[in-house]
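Participant: What follows is model-v1.cif, mmCIF, C-alpha atoms.
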```cif
data_model
loop_
_atom_site.label_atom_id
_atom_site.label_comp_id
_atom_site.auth_asym_id
_atom_site.auth_seq_id
_atom_site.Cartn_x
_atom_site.Cartn_y
_atom_site.Cartn_z
CA MET R 1 -32.84 25.30 12.56
CA ALA R 2 -29.28 25.55 13.71
CA ASP R 3 -26.53 23.67 11.93
CA ARG R 4 -26.68 20.31 13.63
CA ARG R 5 -24.65 17.69 11.87
CA GLN R 6 -26.04 14.19 11.95
CA LEU R 7 -25.37 10.75 10.56
CA ILE R 8 -28.65 9.21 9.42
CA PRO R 9 -28.66 5.50 8.55
CA MET R 10 -30.55 4.52 5.42
CA GLU R 11 -32.55 1.49 4.37
CA ARG R 12 -30.96 -1.22 2.28
CA GLU R 13 -33.02 -0.43 -0.82
CA ASP R 14 -32.10 3.26 -0.61
CA ALA R 15 -28.43 2.32 -0.28
CA ILE R 16 -28.53 0.09 -3.37
CA ARG R 17 -30.41 2.77 -5.30
CA LEU R 18 -27.76 5.37 -4.45
CA LEU R 19 -25.00 2.94 -5.37
CA ALA R 20 -26.67 2.43 -8.75
CA SER R 21 -26.81 6.20 -9.26
CA VAL R 22 -23.01 6.54 -9.45
CA SER R 23 -20.42 4.65 -11.47
CA LEU R 24 -17.28 4.98 -9.37
CA GLY R 25 -16.52 3.16 -6.15
CA ARG R 26 -13.76 1.32 -4.34
CA ILE R 27 -13.35 -2.38 -3.88
CA VAL R 28 -11.76 -3.47 -0.60
CA PHE R 29 -10.13 -6.84 -0.20
CA THR R 30 -7.26 -8.65 1.45
CA SER R 31 -4.05 -9.01 -0.53
CA GLN R 32 -1.19 -10.97 0.94
CA ALA R 33 -2.74 -10.62 4.40
CA LEU R 34 -2.92 -6.84 4.07
CA PRO R 35 -5.95 -4.60 3.60
CA ALA R 36 -6.10 -3.40 0.00
CA ILE R 37 -8.33 -1.03 -1.95
CA ARG R 38 -8.72 -0.06 -5.61
CA PRO R 39 -11.03 2.46 -7.26
CA VAL R 40 -13.14 0.84 -9.98
CA ASN R 41 -16.29 1.37 -12.00
CA HIS R 42 -19.39 -0.58 -11.11
CA LEU R 43 -22.93 -1.23 -12.19
CA VAL R 44 -25.84 -2.77 -10.34
CA ASP R 45 -27.31 -5.85 -12.00
CA ASP R 46 -30.44 -7.29 -10.41
CA GLY R 47 -29.26 -6.22 -6.98
CA ASP R 48 -25.70 -7.49 -7.46
CA LEU R 49 -22.65 -5.31 -7.99
CA ILE R 50 -20.61 -5.89 -11.13
CA VAL R 51 -17.09 -4.51 -11.43
CA ARG R 52 -14.24 -4.88 -13.89
CA THR R 53 -10.85 -5.18 -12.30
CA HIS R 54 -8.52 -3.16 -14.48
CA ILE R 55 -6.20 -1.91 -11.83
CA GLY R 56 -3.77 -4.45 -10.56
CA ALA R 57 -4.21 -8.17 -10.49
CA ALA R 58 -4.71 -8.48 -6.77
CA ILE R 59 -8.42 -9.21 -7.01
CA THR R 60 -7.93 -11.37 -10.06
CA SER R 61 -5.55 -13.62 -8.23
CA ALA R 62 -8.03 -14.02 -5.38
CA VAL R 63 -11.19 -14.52 -7.46
CA THR R 64 -10.80 -17.01 -10.27
CA PRO R 65 -13.17 -19.42 -11.99
CA THR R 66 -11.63 -22.31 -10.11
CA THR R 67 -11.46 -20.89 -6.58
CA PRO R 68 -14.39 -20.01 -4.34
CA GLY R 69 -15.38 -16.41 -3.95
CA VAL R 70 -13.72 -14.11 -1.47
CA VAL R 71 -15.38 -11.66 0.88
CA VAL R 72 -14.89 -8.06 -0.19
CA ALA R 73 -16.31 -4.70 0.74
CA TYR R 74 -17.39 -2.11 -1.79
CA GLU R 75 -17.83 1.55 -1.01
CA ALA R 76 -19.21 4.49 -2.92
CA ASP R 77 -19.90 7.95 -1.64
CA GLN R 78 -20.77 11.45 -2.64
CA ILE R 79 -19.41 13.68 0.06
CA ASP R 80 -18.74 17.35 -0.47
CA PRO R 81 -15.14 17.93 0.65
CA ASP R 82 -15.96 21.39 1.98
CA SER R 83 -19.35 20.98 3.65
CA ARG R 84 -18.74 17.29 4.40
CA LEU R 85 -22.38 16.60 3.61
CA GLY R 86 -23.58 13.76 1.41
CA TRP R 87 -23.85 10.02 1.64
CA SER R 88 -21.78 6.85 1.82
CA VAL R 89 -22.78 3.26 1.14
CA VAL R 90 -20.79 0.15 2.02
CA VAL R 91 -21.64 -3.32 0.76
CA THR R 92 -19.99 -6.45 2.11
CA GLY R 93 -20.39 -9.69 0.21
CA VAL R 94 -18.81 -12.54 -1.65
CA ALA R 95 -17.03 -11.72 -4.93
CA THR R 96 -16.91 -14.35 -7.65
CA ALA R 97 -15.58 -14.28 -11.18
CA VAL R 98 -18.20 -14.05 -13.92
CA THR R 99 -17.42 -16.93 -16.27
CA ASP R 100 -20.38 -17.07 -18.66
CA PRO R 101 -19.15 -15.59 -21.98
CA ASP R 102 -22.53 -14.00 -22.76
CA GLU R 103 -22.67 -12.38 -19.34
CA ILE R 104 -19.08 -11.18 -19.65
CA ALA R 105 -19.85 -9.64 -23.04
CA ARG R 106 -22.97 -7.96 -21.70
CA PHE R 107 -21.19 -6.43 -18.71
CA GLU R 108 -18.11 -5.43 -20.66
CA GLY R 109 -20.37 -3.47 -22.98
CA ARG R 110 -21.72 -1.51 -20.04
CA LEU R 111 -18.47 -1.02 -18.08
CA GLU R 112 -15.97 1.00 -20.04
CA PRO R 113 -12.31 0.16 -19.58
CA TRP R 114 -10.16 2.63 -17.69
CA ILE R 115 -6.99 1.93 -19.58
CA ASP R 116 -5.96 0.42 -22.88
CA GLN R 117 -4.95 -3.07 -21.94
CA PRO R 118 -6.57 -6.46 -22.16
CA MET R 119 -9.37 -6.72 -19.64
CA ASP R 120 -8.59 -9.00 -16.81
CA GLN R 121 -11.87 -10.01 -15.22
CA VAL R 122 -15.51 -9.27 -14.56
CA VAL R 123 -16.42 -9.81 -10.91
CA ARG R 124 -19.86 -10.13 -9.33
CA ILE R 125 -20.37 -9.11 -5.72
CA VAL R 126 -23.52 -10.46 -4.06
CA PRO R 127 -24.40 -7.99 -1.30
CA ASP R 128 -24.74 -9.52 2.12
CA LEU R 129 -24.37 -6.63 4.55
CA VAL R 130 -25.51 -3.29 3.14
CA THR R 131 -25.03 -0.16 5.22
CA GLY R 132 -25.48 3.42 4.23
CA TYR R 133 -25.86 6.79 5.87
CA ARG R 134 -26.45 10.36 4.99
CA LEU R 135 -24.46 13.19 6.48
CA THR R 136 -26.87 16.06 6.99
CA ASN R 137 -26.67 19.36 8.83
CA GLY R 138 -30.33 19.54 9.76
CA THR R 139 -30.96 22.52 7.51
CA GLU R 140 -31.07 20.95 4.08
CA PRO R 141 -33.29 18.10 2.94
CA ALA R 142 -31.25 14.94 2.73
CA GLU R 143 -33.49 13.09 0.30
CA ASP R 144 -31.65 13.73 -2.91
CA MET R 145 -28.10 14.03 -1.76
CA MET W 146 -1.90 12.06 -30.12
CA ALA W 147 -4.77 9.64 -30.09
CA ASP W 148 -6.68 8.93 -26.92
CA ARG W 149 -4.55 6.26 -25.34
CA ARG W 150 -5.48 5.55 -21.76
CA GLN W 151 -2.64 4.70 -19.44
CA LEU W 152 -1.95 4.00 -15.81
CA ILE W 153 1.23 5.80 -14.79
CA PRO W 154 2.78 4.96 -11.41
CA MET W 155 4.04 7.87 -9.36
CA GLU W 156 6.87 8.36 -6.91
CA ARG W 157 6.26 8.11 -3.19
CA GLU W 158 6.83 11.81 -2.58
CA ASP W 159 4.38 12.76 -5.31
CA ALA W 160 1.82 10.39 -3.83
CA ILE W 161 2.15 11.91 -0.34
CA ARG W 162 1.97 15.42 -1.81
CA LEU W 163 -1.27 14.60 -3.64
CA LEU W 164 -2.68 13.00 -0.51
CA ALA W 165 -1.92 16.20 1.39
CA SER W 166 -3.71 18.24 -1.29
CA VAL W 167 -7.11 16.76 -0.46
CA SER W 168 -8.95 16.32 2.83
CA LEU W 169 -11.21 13.35 2.18
CA GLY W 170 -10.17 9.72 1.95
CA ARG W 171 -11.18 6.25 3.05
CA ILE W 172 -9.64 4.15 5.80
CA VAL W 173 -9.63 0.41 5.17
CA PHE W 174 -9.31 -2.09 7.96
CA THR W 175 -10.45 -5.47 9.18
CA SER W 176 -13.49 -5.58 11.43
CA GLN W 177 -14.60 -8.90 12.87
CA ALA W 178 -12.58 -10.71 10.20
CA LEU W 179 -14.29 -8.79 7.38
CA PRO W 180 -12.90 -6.06 5.15
CA ALA W 181 -14.28 -2.68 6.23
CA ILE W 182 -14.02 0.86 4.93
CA ARG W 183 -15.09 4.29 6.17
CA PRO W 184 -14.76 7.71 4.54
CA VAL W 185 -12.93 10.15 6.82
CA ASN W 186 -11.03 13.41 6.75
CA HIS W 187 -7.26 13.37 6.95
CA LEU W 188 -4.25 15.59 7.18
CA VAL W 189 -0.59 14.89 6.56
CA ASP W 190 1.68 15.59 9.54
CA ASP W 191 5.38 15.21 8.96
CA GLY W 192 4.78 12.44 6.44
CA ASP W 193 2.26 10.61 8.63
CA LEU W 194 -1.48 10.50 8.02
CA ILE W 195 -3.74 11.73 10.80
CA VAL W 196 -7.45 10.90 10.79
CA ARG W 197 -10.31 11.34 13.22
CA THR W 198 -12.63 8.38 13.45
CA HIS W 199 -16.09 9.82 13.74
CA ILE W 200 -17.94 7.19 11.82
CA GLY W 201 -18.53 4.01 13.71
CA ALA W 202 -16.40 2.58 16.43
CA ALA W 203 -14.83 -0.20 14.39
CA ILE W 204 -11.42 1.44 14.15
CA THR W 205 -11.62 2.69 17.70
CA SER W 206 -12.09 -0.80 19.02
CA ALA W 207 -9.07 -2.01 17.06
CA VAL W 208 -6.69 0.87 17.84
CA THR W 209 -6.56 1.85 21.49
CA PRO W 210 -3.88 3.31 23.73
CA THR W 211 -3.34 -0.09 25.28
CA THR W 212 -3.26 -2.34 22.20
CA PRO W 213 -0.62 -2.37 19.51
CA GLY W 214 -1.35 -0.71 16.23
CA VAL W 215 -3.20 -2.44 13.44
CA VAL W 216 -2.34 -2.46 9.76
CA VAL W 217 -4.72 -0.37 7.70
CA ALA W 218 -4.87 0.99 4.19
CA TYR W 219 -5.82 4.54 3.34
CA GLU W 220 -6.97 5.65 -0.07
CA ALA W 221 -7.68 9.03 -1.61
CA ASP W 222 -8.39 9.80 -5.22
CA GLN W 223 -9.55 12.44 -7.62
CA ILE W 224 -11.05 10.61 -10.54
CA ASP W 225 -13.50 12.24 -12.91
CA PRO W 226 -16.53 9.93 -13.06
CA ASP W 227 -17.11 10.71 -16.74
CA SER W 228 -13.63 10.81 -18.25
CA ARG W 229 -12.21 8.41 -15.64
CA LEU W 230 -9.02 10.47 -15.60
CA GLY W 231 -7.24 11.55 -12.45
CA TRP W 232 -5.18 9.96 -9.74
CA SER W 233 -5.38 7.53 -6.84
CA VAL W 234 -3.04 7.03 -3.91
CA VAL W 235 -3.04 4.11 -1.48
CA VAL W 236 -1.01 4.05 1.72
CA THR W 237 -0.59 0.92 3.83
CA GLY W 238 0.78 1.23 7.32
CA VAL W 239 0.31 0.75 11.02
CA ALA W 240 -2.41 2.80 12.69
CA THR W 241 -1.99 3.77 16.32
CA ALA W 242 -4.06 5.92 18.64
CA VAL W 243 -2.68 9.38 19.37
CA THR W 244 -2.58 9.65 23.15
CA ASP W 245 -0.65 12.84 23.87
CA PRO W 246 -3.23 15.47 24.94
CA ASP W 247 -1.32 18.32 23.29
CA GLU W 248 -1.09 16.39 20.02
CA ILE W 249 -4.75 15.45 20.18
CA ALA W 250 -5.71 19.09 20.72
CA ARG W 251 -3.50 20.22 17.86
CA PHE W 252 -4.95 17.70 15.40
CA GLU W 253 -8.53 18.21 16.54
CA GLY W 254 -8.16 21.87 15.76
CA ARG W 255 -7.17 21.03 12.22
CA LEU W 256 -9.62 18.20 11.54
CA GLU W 257 -13.19 19.39 11.75
CA PRO W 258 -15.79 16.98 13.08
CA TRP W 259 -18.27 15.53 10.62
CA ILE W 260 -21.11 15.22 13.06
CA ASP W 261 -22.11 16.67 16.41
CA GLN W 262 -21.09 14.01 18.84
CA PRO W 263 -18.17 13.53 21.18
CA MET W 264 -15.03 12.77 19.24
CA ASP W 265 -13.91 9.23 19.59
CA GLN W 266 -10.25 9.10 18.60
CA VAL W 267 -7.35 10.61 16.71
CA VAL W 268 -5.38 7.98 14.80
CA ARG W 269 -1.91 8.22 13.26
CA ILE W 270 -1.02 6.07 10.26
CA VAL W 271 2.67 5.70 9.56
CA PRO W 272 2.98 5.00 5.83
CA ASP W 273 4.89 1.87 4.98
CA LEU W 274 3.84 1.00 1.44
CA VAL W 275 2.86 4.01 -0.66
CA THR W 276 1.53 3.48 -4.16
CA GLY W 277 -0.03 5.95 -6.50
CA TYR W 278 -0.87 6.24 -10.14
CA ARG W 279 -2.29 8.70 -12.59
CA LEU W 280 -4.92 7.78 -15.14
CA THR W 281 -4.09 9.71 -18.27
CA ASN W 282 -5.35 9.57 -21.83
CA GLY W 283 -2.11 10.67 -23.44
CA THR W 284 -3.57 13.96 -24.62
CA GLU W 285 -3.61 16.02 -21.45
CA PRO W 286 -0.70 16.74 -19.16
CA ALA W 287 -0.99 14.61 -16.05
CA GLU W 288 1.13 16.80 -13.81
CA ASP W 289 -1.53 18.70 -11.95
CA MET W 290 -4.39 16.28 -11.95
#
```
Starting from the file, lay out its structure as structure tokens.
Facilitator:
Amino acid sequence: MADRRQLIPMEREDAIRLLASVSLGRIVFTSQALPAIRPVNHLVDDGDLIVRTHIGAAITSAVTPTTPGVVVAYEADQIDPDSRLGWSVVVTGVATAVTDPDEIARFEGRLEPWIDQPMDQVVRIVPDLVTGYRLTNGTEPAEDM
Amino acid sequence: MADRRQLIPMEREDAIRLLASVSLGRIVFTSQALPAIRPVNHLVDDGDLIVRTHIGAAITSAVTPTTPGVVVAYEADQIDPDSRLGWSVVVTGVATAVTDPDEIARFEGRLEPWIDQPMDQVVRIVPDLVTGYRLTNGTEPAEDM
């Protein structure tokens, strides 16, 4: 079969499974009316995304125990820079601060800090919209990319 | 020196240079009042970022020859998922559609399509805010990460 590049949408459960298979993603939010993005580590907990916001306080200032959640997007991908084949998943949902000390301790144990400074916050993102696609070239099976 | 993880900010020119050293990044924008993100290929042209929007029409609908530009963010990184060392660069600026046919042809020749479908649009992002940092552990030189 000739090289025929295609974008193949995936089911929600496949998208969440792929998200859970990697640890690095990017959280997207609005900071001072501007689009903002930070790479972070994540884990999937019972279908929700859990991140620790080590880089910058922009998210922290938006999501606090006393303010309602904010809508964020979260993206992870594995795309080969040369072949440009792979997958990308984007989750959109409400981010809220995790405030239960036991939960915080449990997640902090599973999400290693990036830098040596006091942790700022554990954030839970409840997926609302989940979209994902595979980039295939029609010649290789896309299942395990 | 002990493993001491640090976030080291970089100069604007270093950030643009690192951005130019890779071809894959993520464009961040607002779509129907929600934060949105798409992985795309980019190149750096005279200090500006040029991307082709192959994935979805969300950017295309926001940036057209007849509407003013929109503010977007663009992020690229090289972060090792295991050691969590590397770098990340975020550019914020106004995105506008490239409309000059000669320019479009020149950029299309340098930005390969991801999938086999008619190209939608070439977009220029003029960097306003440029931030970048290196994640180092204090034991390895950060210069060429």
Participant: Using only C-alpha atoms, select each residue of chain R with any atom at most 7 Å away from an atom of chain W, and give the selection as a VMD selection string.
Facilitator: chain R and resid 4 to 7 23 to 24 28 to 29 35 to 36 72 to 73 81 84 114 to 116
Participant: If chain R is fitted onto chain W by least squares over all C-alpha atoms, taken pair by pair in sequence order, what do its new coordinates look like as a tab-separated table (two decimals) with C-alpha atoms, in the coordinates of the input?
Facilitator:
```
chain	number	residue	atom	x	y	z
R	1	MET	CA	-1.96	12.05	-30.19
R	2	ALA	CA	-4.78	9.59	-30.13
R	3	ASP	CA	-6.68	8.90	-26.94
R	4	ARG	CA	-4.54	6.24	-25.33
R	5	ARG	CA	-5.47	5.57	-21.76
R	6	GLN	CA	-2.64	4.70	-19.44
R	7	LEU	CA	-1.94	4.03	-15.80
R	8	ILE	CA	1.25	5.82	-14.79
R	9	PRO	CA	2.78	4.96	-11.41
R	10	MET	CA	4.03	7.87	-9.34
R	11	GLU	CA	6.87	8.37	-6.90
R	12	ARG	CA	6.26	8.12	-3.18
R	13	GLU	CA	6.83	11.83	-2.56
R	14	ASP	CA	4.37	12.77	-5.31
R	15	ALA	CA	1.80	10.40	-3.82
R	16	ILE	CA	2.14	11.92	-0.34
R	17	ARG	CA	1.97	15.42	-1.81
R	18	LEU	CA	-1.27	14.60	-3.63
R	19	LEU	CA	-2.70	13.00	-0.50
R	20	ALA	CA	-1.92	16.21	1.40
R	21	SER	CA	-3.71	18.24	-1.28
R	22	VAL	CA	-7.12	16.75	-0.46
R	23	SER	CA	-8.94	16.31	2.84
R	24	LEU	CA	-11.21	13.34	2.19
R	25	GLY	CA	-10.16	9.72	1.96
R	26	ARG	CA	-11.16	6.25	3.07
R	27	ILE	CA	-9.65	4.16	5.79
R	28	VAL	CA	-9.64	0.40	5.17
R	29	PHE	CA	-9.32	-2.08	7.99
R	30	THR	CA	-10.47	-5.47	9.19
R	31	SER	CA	-13.52	-5.58	11.43
R	32	GLN	CA	-14.64	-8.89	12.86
R	33	ALA	CA	-12.60	-10.71	10.20
R	34	LEU	CA	-14.31	-8.79	7.40
R	35	PRO	CA	-12.93	-6.07	5.15
R	36	ALA	CA	-14.29	-2.69	6.23
R	37	ILE	CA	-14.03	0.86	4.93
R	38	ARG	CA	-15.10	4.29	6.17
R	39	PRO	CA	-14.76	7.71	4.56
R	40	VAL	CA	-12.92	10.15	6.83
R	41	ASN	CA	-11.03	13.42	6.76
R	42	HIS	CA	-7.26	13.37	6.97
R	43	LEU	CA	-4.25	15.60	7.18
R	44	VAL	CA	-0.59	14.89	6.57
R	45	ASP	CA	1.67	15.59	9.54
R	46	ASP	CA	5.40	15.22	8.94
R	47	GLY	CA	4.78	12.44	6.45
R	48	ASP	CA	2.25	10.61	8.63
R	49	LEU	CA	-1.48	10.50	8.02
R	50	ILE	CA	-3.74	11.75	10.80
R	51	VAL	CA	-7.44	10.90	10.81
R	52	ARG	CA	-10.31	11.32	13.24
R	53	THR	CA	-12.62	8.37	13.43
R	54	HIS	CA	-16.10	9.81	13.71
R	55	ILE	CA	-17.96	7.18	11.82
R	56	GLY	CA	-18.49	3.99	13.70
R	57	ALA	CA	-16.35	2.60	16.44
R	58	ALA	CA	-14.83	-0.19	14.42
R	59	ILE	CA	-11.41	1.43	14.17
R	60	THR	CA	-11.60	2.67	17.72
R	61	SER	CA	-12.08	-0.81	19.04
R	62	ALA	CA	-9.06	-2.03	17.08
R	63	VAL	CA	-6.70	0.87	17.85
R	64	THR	CA	-6.58	1.84	21.49
R	65	PRO	CA	-3.89	3.28	23.74
R	66	THR	CA	-3.35	-0.11	25.31
R	67	THR	CA	-3.25	-2.34	22.23
R	68	PRO	CA	-0.61	-2.34	19.51
R	69	GLY	CA	-1.36	-0.68	16.23
R	70	VAL	CA	-3.21	-2.43	13.44
R	71	VAL	CA	-2.35	-2.46	9.76
R	72	VAL	CA	-4.73	-0.36	7.70
R	73	ALA	CA	-4.87	0.98	4.19
R	74	TYR	CA	-5.83	4.54	3.34
R	75	GLU	CA	-6.97	5.66	-0.07
R	76	ALA	CA	-7.68	9.02	-1.62
R	77	ASP	CA	-8.40	9.79	-5.22
R	78	GLN	CA	-9.56	12.44	-7.60
R	79	ILE	CA	-11.06	10.63	-10.53
R	80	ASP	CA	-13.49	12.25	-12.91
R	81	PRO	CA	-16.51	9.93	-13.07
R	82	ASP	CA	-17.10	10.73	-16.74
R	83	SER	CA	-13.62	10.85	-18.25
R	84	ARG	CA	-12.20	8.44	-15.65
R	85	LEU	CA	-9.01	10.48	-15.60
R	86	GLY	CA	-7.23	11.57	-12.44
R	87	TRP	CA	-5.19	9.96	-9.73
R	88	SER	CA	-5.40	7.53	-6.83
R	89	VAL	CA	-3.04	7.03	-3.91
R	90	VAL	CA	-3.04	4.11	-1.48
R	91	VAL	CA	-1.01	4.05	1.73
R	92	THR	CA	-0.59	0.92	3.82
R	93	GLY	CA	0.78	1.23	7.32
R	94	VAL	CA	0.31	0.75	11.01
R	95	ALA	CA	-2.43	2.81	12.71
R	96	THR	CA	-2.00	3.78	16.35
R	97	ALA	CA	-4.06	5.93	18.66
R	98	VAL	CA	-2.67	9.39	19.37
R	99	THR	CA	-2.58	9.65	23.16
R	100	ASP	CA	-0.63	12.84	23.87
R	101	PRO	CA	-3.22	15.46	24.94
R	102	ASP	CA	-1.31	18.32	23.27
R	103	GLU	CA	-1.07	16.40	20.02
R	104	ILE	CA	-4.75	15.45	20.19
R	105	ALA	CA	-5.70	19.10	20.73
R	106	ARG	CA	-3.51	20.22	17.85
R	107	PHE	CA	-4.96	17.69	15.41
R	108	GLU	CA	-8.53	18.18	16.54
R	109	GLY	CA	-8.14	21.87	15.76
R	110	ARG	CA	-7.16	21.03	12.20
R	111	LEU	CA	-9.63	18.18	11.54
R	112	GLU	CA	-13.20	19.37	11.73
R	113	PRO	CA	-15.77	16.95	13.07
R	114	TRP	CA	-18.26	15.49	10.62
R	115	ILE	CA	-21.10	15.18	13.06
R	116	ASP	CA	-22.11	16.64	16.39
R	117	GLN	CA	-21.08	13.98	18.83
R	118	PRO	CA	-18.18	13.50	21.18
R	119	MET	CA	-15.04	12.74	19.22
R	120	ASP	CA	-13.90	9.23	19.57
R	121	GLN	CA	-10.24	9.11	18.60
R	122	VAL	CA	-7.35	10.61	16.71
R	123	VAL	CA	-5.38	7.97	14.81
R	124	ARG	CA	-1.92	8.23	13.26
R	125	ILE	CA	-1.04	6.08	10.27
R	126	VAL	CA	2.68	5.71	9.56
R	127	PRO	CA	2.98	5.00	5.83
R	128	ASP	CA	4.87	1.86	4.97
R	129	LEU	CA	3.82	1.00	1.43
R	130	VAL	CA	2.85	4.03	-0.66
R	131	THR	CA	1.52	3.49	-4.16
R	132	GLY	CA	-0.04	5.96	-6.50
R	133	TYR	CA	-0.88	6.26	-10.16
R	134	ARG	CA	-2.29	8.71	-12.58
R	135	LEU	CA	-4.91	7.80	-15.12
R	136	THR	CA	-4.09	9.73	-18.27
R	137	ASN	CA	-5.34	9.58	-21.84
R	138	GLY	CA	-2.09	10.65	-23.46
R	139	THR	CA	-3.54	13.94	-24.65
R	140	GLU	CA	-3.60	16.01	-21.50
R	141	PRO	CA	-0.68	16.75	-19.20
R	142	ALA	CA	-0.97	14.64	-16.09
R	143	GLU	CA	1.16	16.81	-13.84
R	144	ASP	CA	-1.52	18.71	-12.03
R	145	MET	CA	-4.36	16.27	-12.00
```
Participant: With 12 Å as the threshold, what does the neighbourhood of (-21.0, -6.3, -16.2) contain in terms of residues, counting only C-alpha atoms? Coordinates are those of the file; answer as a PyMOL selection string.
Facilitator: chain R and resi 23+41-46+48-53+97-113+121-125
Participant: I'd like the interatomic distance between atom CA of W:Val275 and atom CA of R:Val130, to a tenth of an Å.
Facilitator: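 Interatomic distance here is 29.5 Å.
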Participant: What's the separation between atom CA of W:Ser166 and atom CA of R:Arg134, in Å to one decimal place?
Facilitator: 24.9 Å
Participant: Please indicate the distance in Å from atom CA of W:Asp159 to atom CA of W:Thr241, rounded to one decimal place.
Facilitator: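 The value is 24.3 Å.
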Participant: Please determine the residues with any atom at most 7 Å from (-19.9, -17.1, -1.2) (coordinates as given in the file, with all atoms listed in the file counting) and report them as a PyMOL selection string.
Facilitator: chain R and resi 68-70+94
